[in-house]
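File shown: final.cif. Contents: mmCIF, C-alpha atoms and all ligand atoms.
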data_final
loop_
_atom_site.label_atom_id
_atom_site.label_comp_id
_atom_site.auth_asym_id
_atom_site.auth_seq_id
_atom_site.Cartn_x
_atom_site.Cartn_y
_atom_site.Cartn_z
CA MET M 1 107.30 90.53 51.77
CA LEU M 2 104.91 93.46 51.92
CA LEU M 3 106.74 96.78 51.74
CA ARG M 4 104.87 99.85 52.84
CA GLN M 5 105.60 103.44 53.72
CA PHE M 6 105.26 104.15 57.41
CA THR M 7 103.86 107.66 57.34
CA ARG M 8 104.49 108.92 60.85
CA ALA M 9 107.26 106.67 62.12
CA PRO M 10 109.86 108.42 64.24
CA ASN M 11 112.78 106.38 62.90
CA ASN M 12 114.70 106.09 59.67
CA MET M 13 112.15 105.26 56.96
CA ASN M 14 114.65 103.84 54.50
CA LEU M 15 115.70 101.17 56.88
CA ILE M 16 112.26 100.12 57.84
CA ARG M 17 110.65 96.95 56.67
CA ARG M 18 106.98 96.38 57.48
CA ILE M 19 106.31 92.75 58.24
CA ALA M 20 103.29 91.38 56.44
CA THR M 21 100.99 89.80 58.95
CA ASN M 22 98.34 88.70 56.50
CA ALA M 23 100.08 85.41 55.92
CA ILE M 24 100.56 84.90 59.63
CA LEU M 25 96.91 85.54 60.31
CA LYS M 26 95.80 83.26 57.49
CA ASN M 27 95.36 80.23 59.67
CA GLN M 28 93.79 81.99 62.64
CA THR M 29 90.12 82.42 63.33
CA VAL M 30 89.17 86.01 62.66
CA THR M 31 85.66 86.69 63.84
CA THR M 32 85.34 90.33 62.77
CA ASN M 33 86.43 92.52 59.89
CA ILE M 34 88.91 94.36 62.07
CA ASP M 35 92.26 94.97 60.38
CA TYR M 36 94.58 94.03 63.23
CA ASN M 37 97.61 94.93 61.11
CA GLN M 38 96.54 98.54 61.18
CA LEU M 39 95.72 98.75 64.89
CA VAL M 40 99.26 97.85 65.86
CA LEU M 41 102.06 98.42 63.36
CA VAL M 42 105.15 96.25 63.42
CA ASP M 43 108.29 97.39 61.65
CA VAL M 44 111.79 95.99 61.74
CA ASN M 45 114.90 98.06 61.26
CA ASP M 46 117.05 96.02 58.89
CA LYS M 47 120.23 97.64 60.13
CA ASN M 48 119.99 96.87 63.83
CA GLY M 49 117.27 94.21 63.90
CA TYR M 50 115.06 96.14 66.33
CA ALA M 51 111.30 95.84 65.95
CA THR M 52 109.08 98.84 66.56
CA VAL M 53 105.59 98.05 67.79
CA THR M 54 103.37 101.09 67.35
CA LEU M 55 99.91 101.46 68.88
CA ASN M 56 97.67 103.00 66.23
CA ARG M 57 94.14 103.54 67.50
CA PRO M 58 93.44 107.27 67.35
CA PRO M 59 92.37 109.47 68.91
CA VAL M 60 93.82 108.23 72.23
CA ASN M 61 94.92 104.57 71.82
CA SER M 62 92.31 103.32 74.25
CA PHE M 63 92.48 99.56 74.69
CA ASN M 64 89.39 97.72 73.55
CA LEU M 65 89.38 94.00 72.83
CA GLU M 66 90.49 94.51 69.24
CA LEU M 67 93.51 96.66 70.12
CA MET M 68 94.49 94.17 72.81
CA MET M 69 94.27 91.31 70.28
CA ALA M 70 96.30 93.28 67.77
CA LEU M 71 99.00 93.88 70.37
CA SER M 72 99.04 90.21 71.26
CA ARG M 73 99.51 89.26 67.61
CA ALA M 74 102.19 91.91 67.14
CA LEU M 75 104.15 90.47 70.06
CA ASP M 76 103.89 87.03 68.44
CA GLN M 77 105.37 88.49 65.27
CA VAL M 78 108.28 90.05 67.12
CA GLU M 79 109.01 86.72 68.80
CA ARG M 80 108.73 84.75 65.56
CA ASN M 81 110.93 87.22 63.73
CA ASN M 82 113.80 86.76 66.21
CA SER M 83 114.14 90.51 66.64
CA ARG M 84 117.24 91.75 68.46
CA GLY M 85 115.06 94.05 70.55
CA MET M 86 111.68 95.76 70.60
CA ILE M 87 110.52 99.34 71.10
CA LEU M 88 106.91 99.90 72.11
CA THR M 89 105.47 103.27 71.14
CA SER M 90 102.42 105.11 69.84
CA ILE M 91 101.58 106.88 66.61
CA ILE M 92 99.68 109.67 68.33
CA PRO M 93 101.90 112.74 68.81
CA ASN M 94 101.25 113.50 72.49
CA ILE M 95 99.55 110.36 73.76
CA PHE M 96 101.00 106.91 74.36
CA SER M 97 97.69 105.44 75.51
CA THR M 98 94.71 106.50 77.61
CA GLY M 99 94.35 103.01 79.13
CA PHE M 100 91.31 100.82 78.84
CA ASP M 101 88.56 102.02 76.56
CA ILE M 102 85.88 102.99 79.06
CA ARG M 103 83.24 101.93 76.51
CA GLU M 104 84.66 98.42 76.85
CA LEU M 105 84.04 98.53 80.60
CA TYR M 106 80.74 100.41 80.88
CA GLN M 107 77.77 98.02 81.04
CA ALA M 108 80.16 95.36 79.78
CA ASP M 109 79.10 92.04 78.41
CA GLU M 110 80.68 89.56 80.83
CA ARG M 111 81.83 87.13 78.14
CA ARG M 112 83.57 89.83 76.16
CA LEU M 113 85.07 91.24 79.37
CA ARG M 114 86.53 87.83 80.20
CA GLU M 115 87.98 87.55 76.72
CA PHE M 116 89.42 91.07 77.00
CA TRP M 117 91.16 90.14 80.26
CA SER M 118 92.37 86.85 78.92
CA VAL M 119 94.03 88.55 75.94
CA LEU M 120 95.51 91.15 78.32
CA GLN M 121 96.98 88.30 80.34
CA ASP M 122 98.45 86.82 77.15
CA CYS M 123 100.03 90.17 76.33
CA TRP M 124 101.56 90.32 79.79
CA PHE M 125 103.13 86.89 79.47
CA LYS M 126 104.46 87.69 76.01
CA LEU M 127 105.89 91.09 76.93
CA TYR M 128 106.99 90.64 80.55
CA GLY M 129 108.35 87.20 79.75
CA SER M 130 110.02 88.08 76.45
CA THR M 131 113.64 87.05 76.13
CA TYR M 132 114.54 89.86 73.69
CA PRO M 133 115.34 93.31 75.16
CA THR M 134 112.38 95.69 75.41
CA ALA M 135 112.02 99.46 75.73
CA ALA M 136 109.06 101.84 75.83
CA SER M 137 109.29 105.12 73.95
CA ILE M 138 106.60 107.05 75.83
CA ASN M 139 105.82 109.91 73.51
CA GLY M 140 102.99 111.42 75.60
CA HIS M 141 100.43 110.89 78.33
CA ASN M 142 100.23 107.36 79.59
CA PRO M 143 97.73 106.80 82.38
CA ALA M 144 96.51 103.29 83.33
CA ALA M 145 96.90 100.21 81.13
CA GLY M 146 99.43 101.76 78.73
CA CYS M 147 101.62 102.48 81.74
CA PHE M 148 101.28 98.82 82.66
CA PHE M 149 102.67 97.74 79.28
CA ALA M 150 105.48 100.28 79.49
CA LEU M 151 106.40 98.91 82.92
CA CYS M 152 106.65 95.41 81.45
CA CYS M 153 109.56 96.71 79.36
CA GLU M 154 113.14 96.87 80.61
CA TYR M 155 113.59 100.59 79.91
CA ARG M 156 111.40 103.67 79.59
CA ALA M 157 112.10 107.09 78.07
CA MET M 158 109.26 109.61 78.36
CA VAL M 159 108.84 113.01 76.76
CA ARG M 160 108.76 115.97 79.10
CA ASN M 161 105.36 117.31 80.20
CA SER M 162 103.67 113.93 79.94
CA LYS M 163 101.95 112.10 82.76
CA LEU M 164 102.37 108.46 83.66
CA GLY M 165 100.79 106.22 86.26
CA ILE M 166 97.98 103.87 87.15
CA SER M 167 94.91 105.94 87.88
CA GLY M 168 92.56 102.98 88.54
CA ALA M 169 92.03 103.92 92.22
CA ARG M 170 90.46 107.20 91.09
CA LEU M 171 87.89 105.28 89.08
CA GLY M 172 87.03 102.94 91.94
CA ILE M 173 88.92 100.01 90.37
CA SER M 174 90.94 97.83 92.73
CA ILE M 175 94.31 97.14 91.21
CA PRO M 176 94.91 93.55 90.09
CA LEU M 177 97.86 91.57 91.42
CA PRO M 178 99.77 91.33 88.09
CA MET M 179 99.80 95.13 87.96
CA ILE M 180 101.19 95.29 91.47
CA TYR M 181 103.93 92.77 90.66
CA THR M 182 104.81 94.58 87.46
CA MET M 183 105.16 97.97 89.15
CA ARG M 184 107.05 96.40 92.05
CA SER M 185 109.55 94.97 89.59
CA VAL M 186 110.45 98.56 88.69
CA ILE M 187 110.08 100.60 91.91
CA SER M 188 110.01 99.75 95.61
CA THR M 189 107.08 98.03 97.32
CA ARG M 190 106.40 101.17 99.37
CA GLN M 191 106.38 103.44 96.31
CA THR M 192 104.20 100.92 94.47
CA GLU M 193 101.65 100.89 97.28
CA LEU M 194 101.61 104.70 97.47
CA ALA M 195 101.33 105.14 93.71
CA LEU M 196 98.54 102.60 93.30
CA THR M 197 96.43 103.50 96.33
CA THR M 198 96.47 107.20 95.44
CA GLY M 199 96.08 106.65 91.68
CA THR M 200 99.01 109.03 91.19
CA LEU M 201 99.77 110.29 87.72
CA PHE M 202 103.44 111.26 87.82
CA THR M 203 104.94 114.18 85.93
CA SER M 204 108.05 113.26 83.95
CA ASP M 205 110.28 114.77 86.67
CA ASP M 206 108.52 112.87 89.48
CA ALA M 207 108.42 109.64 87.45
CA LEU M 208 112.19 109.91 86.97
CA LYS M 209 112.73 110.68 90.66
CA VAL M 210 110.80 107.63 91.81
CA GLY M 211 112.36 105.40 89.13
CA LEU M 212 109.25 104.71 87.05
CA ILE M 213 111.09 105.98 83.97
CA ASP M 214 114.78 105.88 83.13
CA ASP M 215 115.11 109.05 81.07
CA ILE M 216 113.25 112.21 80.12
CA ALA M 217 113.24 112.99 76.40
CA THR M 218 112.84 116.32 74.67
CA ASP M 219 110.46 114.91 72.05
CA ARG M 220 109.33 111.65 70.48
CA SER M 221 112.38 111.15 68.29
CA ASP M 222 114.66 111.77 71.27
CA ALA M 223 112.65 109.20 73.27
CA PHE M 224 112.99 106.74 70.42
CA ALA M 225 116.74 107.38 70.08
CA LYS M 226 117.18 106.83 73.81
CA CYS M 227 115.37 103.49 73.53
CA GLU M 228 117.63 102.46 70.66
CA ALA M 229 120.67 103.45 72.73
CA PHE M 230 119.38 101.25 75.55
CA LEU M 231 118.93 98.28 73.21
CA ASP M 232 122.43 98.90 71.83
CA ARG M 233 123.80 98.09 75.28
CA PHE M 234 123.05 94.44 74.56
CA LYS M 235 124.50 94.27 71.07
CA ASP M 236 127.64 92.48 72.23
CA ILE M 237 125.86 90.31 74.80
CA PRO M 238 124.98 86.78 73.63
CA PRO M 239 121.18 86.87 73.32
CA VAL M 240 120.41 83.35 74.56
CA SER M 241 122.15 83.70 77.91
CA ARG M 242 120.81 87.26 78.29
CA GLY M 243 117.28 86.06 77.65
CA TYR M 244 117.66 83.18 80.06
CA THR M 245 118.85 85.50 82.82
CA LYS M 246 115.99 87.94 82.21
CA ARG M 247 113.47 85.11 82.36
CA SER M 248 115.05 83.79 85.55
CA VAL M 249 114.73 87.20 87.23
CA ARG M 250 111.04 87.34 86.26
CA GLN M 251 110.26 83.64 86.64
CA LYS M 252 108.75 83.71 90.13
CA ASP M 253 106.24 86.46 89.26
CA MET M 254 105.29 84.64 86.08
CA GLU M 255 104.71 81.32 87.82
CA GLU M 256 102.52 82.94 90.43
CA ILE M 257 100.48 84.89 87.88
CA ALA M 258 100.12 81.77 85.72
CA ALA M 259 98.83 79.79 88.68
CA ASN M 260 96.18 82.44 89.41
CA ARG M 261 94.88 83.34 85.96
CA GLN M 262 91.32 82.28 86.65
CA ARG M 263 91.17 84.01 90.02
CA ASP M 264 92.56 87.24 88.51
CA THR M 265 89.98 87.10 85.73
CA ASP M 266 87.14 86.67 88.21
CA GLU M 267 88.46 89.55 90.31
CA PHE M 268 88.79 91.82 87.27
CA VAL M 269 85.23 91.07 86.17
CA ARG M 270 83.96 91.71 89.69
CA ALA M 271 85.96 94.96 89.92
CA VAL M 272 84.69 96.30 86.61
CA LEU M 273 81.07 95.34 87.17
CA ASN M 274 80.90 96.76 90.70
CA PRO M 275 78.45 99.67 90.95
CA GLU M 276 81.04 102.18 92.16
CA ALA M 277 83.25 101.55 89.11
CA GLN M 278 80.24 101.52 86.78
CA SER M 279 79.13 104.96 88.05
CA SER M 280 82.61 106.38 87.38
CA PHE M 281 82.52 104.97 83.85
CA ALA M 282 79.03 106.44 83.35
CA ALA M 283 80.23 109.82 84.63
CA PHE M 284 83.27 109.68 82.30
CA LEU M 285 81.04 108.94 79.33
CA GLY M 286 78.55 111.60 80.39
CA LYS M 287 75.72 109.06 80.86
C1 LIG R 301 98.61 88.60 83.60
C2 LIG R 301 98.48 90.07 83.47
C3 LIG R 301 97.15 90.58 83.81
C4 LIG R 301 96.92 92.05 83.57
C5 LIG R 301 97.34 92.93 84.65
C6 LIG R 301 96.50 94.14 84.86
C7 LIG R 301 96.85 95.35 84.10
C8 LIG R 301 95.85 96.37 84.21
C9 LIG R 301 96.41 97.69 84.39
C10 LIG R 301 95.38 98.72 84.68
C11 LIG R 301 94.90 98.69 86.05
C12 LIG R 301 94.11 99.90 86.39
C13 LIG R 301 92.86 99.94 85.64
C14 LIG R 301 92.59 100.93 84.85
C15 LIG R 301 91.39 100.93 84.01
C16 LIG R 301 91.56 101.91 82.91
O1 LIG R 301 92.48 101.88 82.14
S1 LIG R 301 90.33 103.02 82.77
C17 LIG R 301 91.00 104.31 81.77
C18 LIG R 301 91.77 105.24 82.59
N1 LIG R 301 92.21 106.33 81.79
C19 LIG R 301 91.98 107.56 82.13
O2 LIG R 301 91.37 107.86 83.14
C20 LIG R 301 92.49 108.63 81.19
C21 LIG R 301 91.37 109.51 80.75
N2 LIG R 301 91.75 110.31 79.63
C22 LIG R 301 92.54 111.41 79.73
O3 LIG R 301 93.04 111.76 80.78
C23 LIG R 301 92.73 112.20 78.45
O4 LIG R 301 91.82 111.71 77.50
C24 LIG R 301 94.14 112.13 77.86
C25 LIG R 301 95.13 112.89 78.78
C26 LIG R 301 94.62 110.68 77.66
C27 LIG R 301 94.15 112.84 76.48
O5 LIG R 301 93.66 114.15 76.61
P1 LIG R 301 93.23 114.99 75.31
O6 LIG R 301 94.30 114.95 74.29
O7 LIG R 301 92.79 116.33 75.80
O8 LIG R 301 92.01 114.19 74.68
P2 LIG R 301 90.51 114.10 75.21
O9 LIG R 301 89.73 115.21 74.61
O10 LIG R 301 90.48 113.96 76.68
O11 LIG R 301 90.06 112.72 74.59
C28 LIG R 301 89.75 112.57 73.20
C29 LIG R 301 88.57 111.66 73.07
O12 LIG R 301 88.92 110.37 73.57
C30 LIG R 301 87.99 109.99 74.60
N3 LIG R 301 88.68 109.19 75.60
C31 LIG R 301 89.74 109.53 76.34
N4 LIG R 301 90.10 108.52 77.16
C32 LIG R 301 89.22 107.52 76.93
C33 LIG R 301 89.07 106.19 77.48
N5 LIG R 301 89.88 105.69 78.43
N6 LIG R 301 88.08 105.44 77.01
C34 LIG R 301 87.23 105.90 76.05
N7 LIG R 301 87.33 107.15 75.50
C35 LIG R 301 88.31 107.94 75.93
C36 LIG R 301 87.50 111.32 75.16
O13 LIG R 301 86.30 111.15 75.82
C37 LIG R 301 87.39 112.14 73.91
O14 LIG R 301 86.22 111.74 73.23
P3 LIG R 301 85.30 112.82 72.51
O15 LIG R 301 86.17 113.46 71.48
O16 LIG R 301 84.86 113.80 73.57
O17 LIG R 301 84.18 112.03 71.94
#

Go through the file and emit its structure as structure tokens.
Amino acid sequence: MLLRQFTRAPNNMNLIRRIATNAILKNQTVTTNIDYNQLVLVDVNDKNGYATVTLNRPPVNSFNLELMMALSRALDQVERNNSRGMILTSIIPNIFSTGFDIRELYQADERRLREFWSVLQDCWFKLYGSTYPTAASINGHNPAAGCFFALCCEYRAMVRNSKLGISGARLGISIPLPMIYTMRSVISTRQTELALTTGTLFTSDDALKVGLIDDIATDRSDAFAKCEAFLDRFKDIPPVSRGYTKRSVRQKDMEEIAANRQRDTDEFVRAVLNPEAQSSFAAFLGK
């Protein structure tokens, strides 16, 4: 077992055990020199059995293919490790994630874009369909894809003065069906439609009002503590029956998304490569 110091973790260091992923990755095809273990950190609290999955791609945790792959692998680890629960968070003090890396989308290579989407789909199935309890400790701004992952979790605590939402409409991106289903599993259909068609980024107060988050936290450690308290609610509930019930609630969405993977991929590629979206990406990057 590889034991390492987790320099900026918000939780009790002494209780933290870093899982070594090198052995797990040994048999997988790694096509680049990217250190996936560093892009997403996975730690397990020996006392309560909760895994912390920490996005670690400064400066803003933007999702490129490599970060998406690292998240996918981290979720595999959590599943394999039989964790009692999982908290998704970020290492960056005031940012959870900025969403997709615009450099991944601008003048994108179609093959890489398809792979990016395919790994994103995998992450959705692993997170949305997980049987263990999940919580997002949103320690800062979280527009776009990071919000999507937080919404896949069962509980969200967000620090005050952060913004959360899916801003795709502002960039000329039509919102894919899995995103719509995921948001609709948390707030009403009407609020989902309004939020997504206006590309609203909610303040913490407004996010709480509409039900996008469950709690407002004073800072990152408070957000983390609130997530742990949420996971504690299940400590006396038999995990197998709990997991089965959660899966049953989410089953219909998952079946529909699974049946339409190819169509969703084609639509995503079309949406990203459309000239309107490409000009917004160019403007963002100052091209
Ligand atoms: C089966 C399931 C299928 C899957 C279902 C679908 C799920 C999809 C969900 C998403 C759907 C909607 C689609 C969205 C596409 C996107 O995600 S596009 C990205 C959208 N994000 C944004 O518009 C946020 C833009 N960024 C910001 O608002 C700010 O950066 C910030 C508030 C996050 C942080 O502000 P601050 O701390 O002041 O830092 P900055 O100086 O702004 O940034 C630092 C540095 O980072 C660069 N940067 C920021 N964001 C991005 C990005 N997204 N991509 C690439 N680079 C980014 C920024 O330019 C700065 O760079 P320099 O230092 O100037 O070089």

Practice item. Please extract the residues at most 6 Å from ligand LIG 301 (chain R), counting only C-alpha atoms and all ligand atoms, and provide them as a list in words, using the chain letters and residue numbers of this document. Key: Pro59, Val60, Ser62, Thr98, Gly99, Phe100, Asp101, Ile102, Arg103, Leu120, Gln121, Trp124, His141, Pro143, Ala144, Ala145, Phe148, Ile166, Gly168, Ile175, Pro176, Pro178, Met179 and Ile257 of chain M

Review point. Got a sec to check which residues sit within 10 Å of (101.5, 87.8, 70.2), counting only C-alpha atoms, and write them as JSON, numbers by chain?
Key: {"M": [68, 69, 70, 71, 72, 73, 74, 75, 76, 77, 78, 79, 80, 119, 122, 123, 124, 125, 126, 127]}

Exercise for review: Extract, using all atoms listed in the file, all DNA, RNA and protein residues at most 12 Å from Ser279 of chain M, discarding same-chain residues fewer than 6 positions from it, and format them as a VMD selection string.
Suggested key: chain M and resid 102 105 to 107 170 to 173 272 to 273 285 to 287

Please write the residues from the selection above to a file, keeping C-alpha atoms, as an mmCIF file, in the frame of the given file.
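The result, stored in selection_31.cif:
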data_model
loop_
_atom_site.group_PDB
_atom_site.id
_atom_site.type_symbol
_atom_site.label_atom_id
_atom_site.label_comp_id
_atom_site.auth_asym_id
_atom_site.auth_seq_id
_atom_site.Cartn_x
_atom_site.Cartn_y
_atom_site.Cartn_z
ATOM 1 C CA ILE M 102 85.880 102.990 79.060
ATOM 2 C CA LEU M 105 84.040 98.530 80.600
ATOM 3 C CA TYR M 106 80.740 100.410 80.880
ATOM 4 C CA GLN M 107 77.770 98.020 81.040
ATOM 5 C CA ARG M 170 90.460 107.200 91.090
ATOM 6 C CA LEU M 171 87.890 105.280 89.080
ATOM 7 C CA GLY M 172 87.030 102.940 91.940
ATOM 8 C CA ILE M 173 88.920 100.010 90.370
ATOM 9 C CA VAL M 272 84.690 96.300 86.610
ATOM 10 C CA LEU M 273 81.070 95.340 87.170
ATOM 11 C CA LEU M 285 81.040 108.940 79.330
ATOM 12 C CA GLY M 286 78.550 111.600 80.390
ATOM 13 C CA LYS M 287 75.720 109.060 80.860
#

Point to revise | Point-to-point distance from atom CA of Ala157 of chain M to atom CA of Asn61 of chain M, Å rounded to tenths | key: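 That distance, rounded to one decimal, is 18.5 Å.
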
Practice item. Kindly give the distance, in Å, that separates atom CA of Thr89 of chain M and atom CA of Phe224 of chain M, rounded to a single decimal. Key: 8.3 Å

Check your understanding: With all atoms listed in the file as the basis for distance, which of M:Ala223, M:Val44, M:Glu255, M:Tyr128 is at the shortest distance from Ser90 of chain M?
Key ->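 Closest residue, counting all atoms listed in the file: M:Ala223.
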
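Coordinates place atom CA of Ala169 of chain M at a distance of 14.9 Å from atom CA of Arg270 of chain M.
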
Check your understanding: Given the choices M:Glu193, M:Leu39, M:Ala135, M:Asp46, which gets closest to Leu177 of chain M if the distance is worked out from only C-alpha atoms?
Key ->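 Closest residue, counting only C-alpha atoms: M:Glu193.
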
Check your understanding: Taking only C-alpha atoms into account, which of M:Asp266, M:Asp43, M:Glu256, M:Asp206 comes nearest Asn81 of chain M?
Key -> M:Asp43
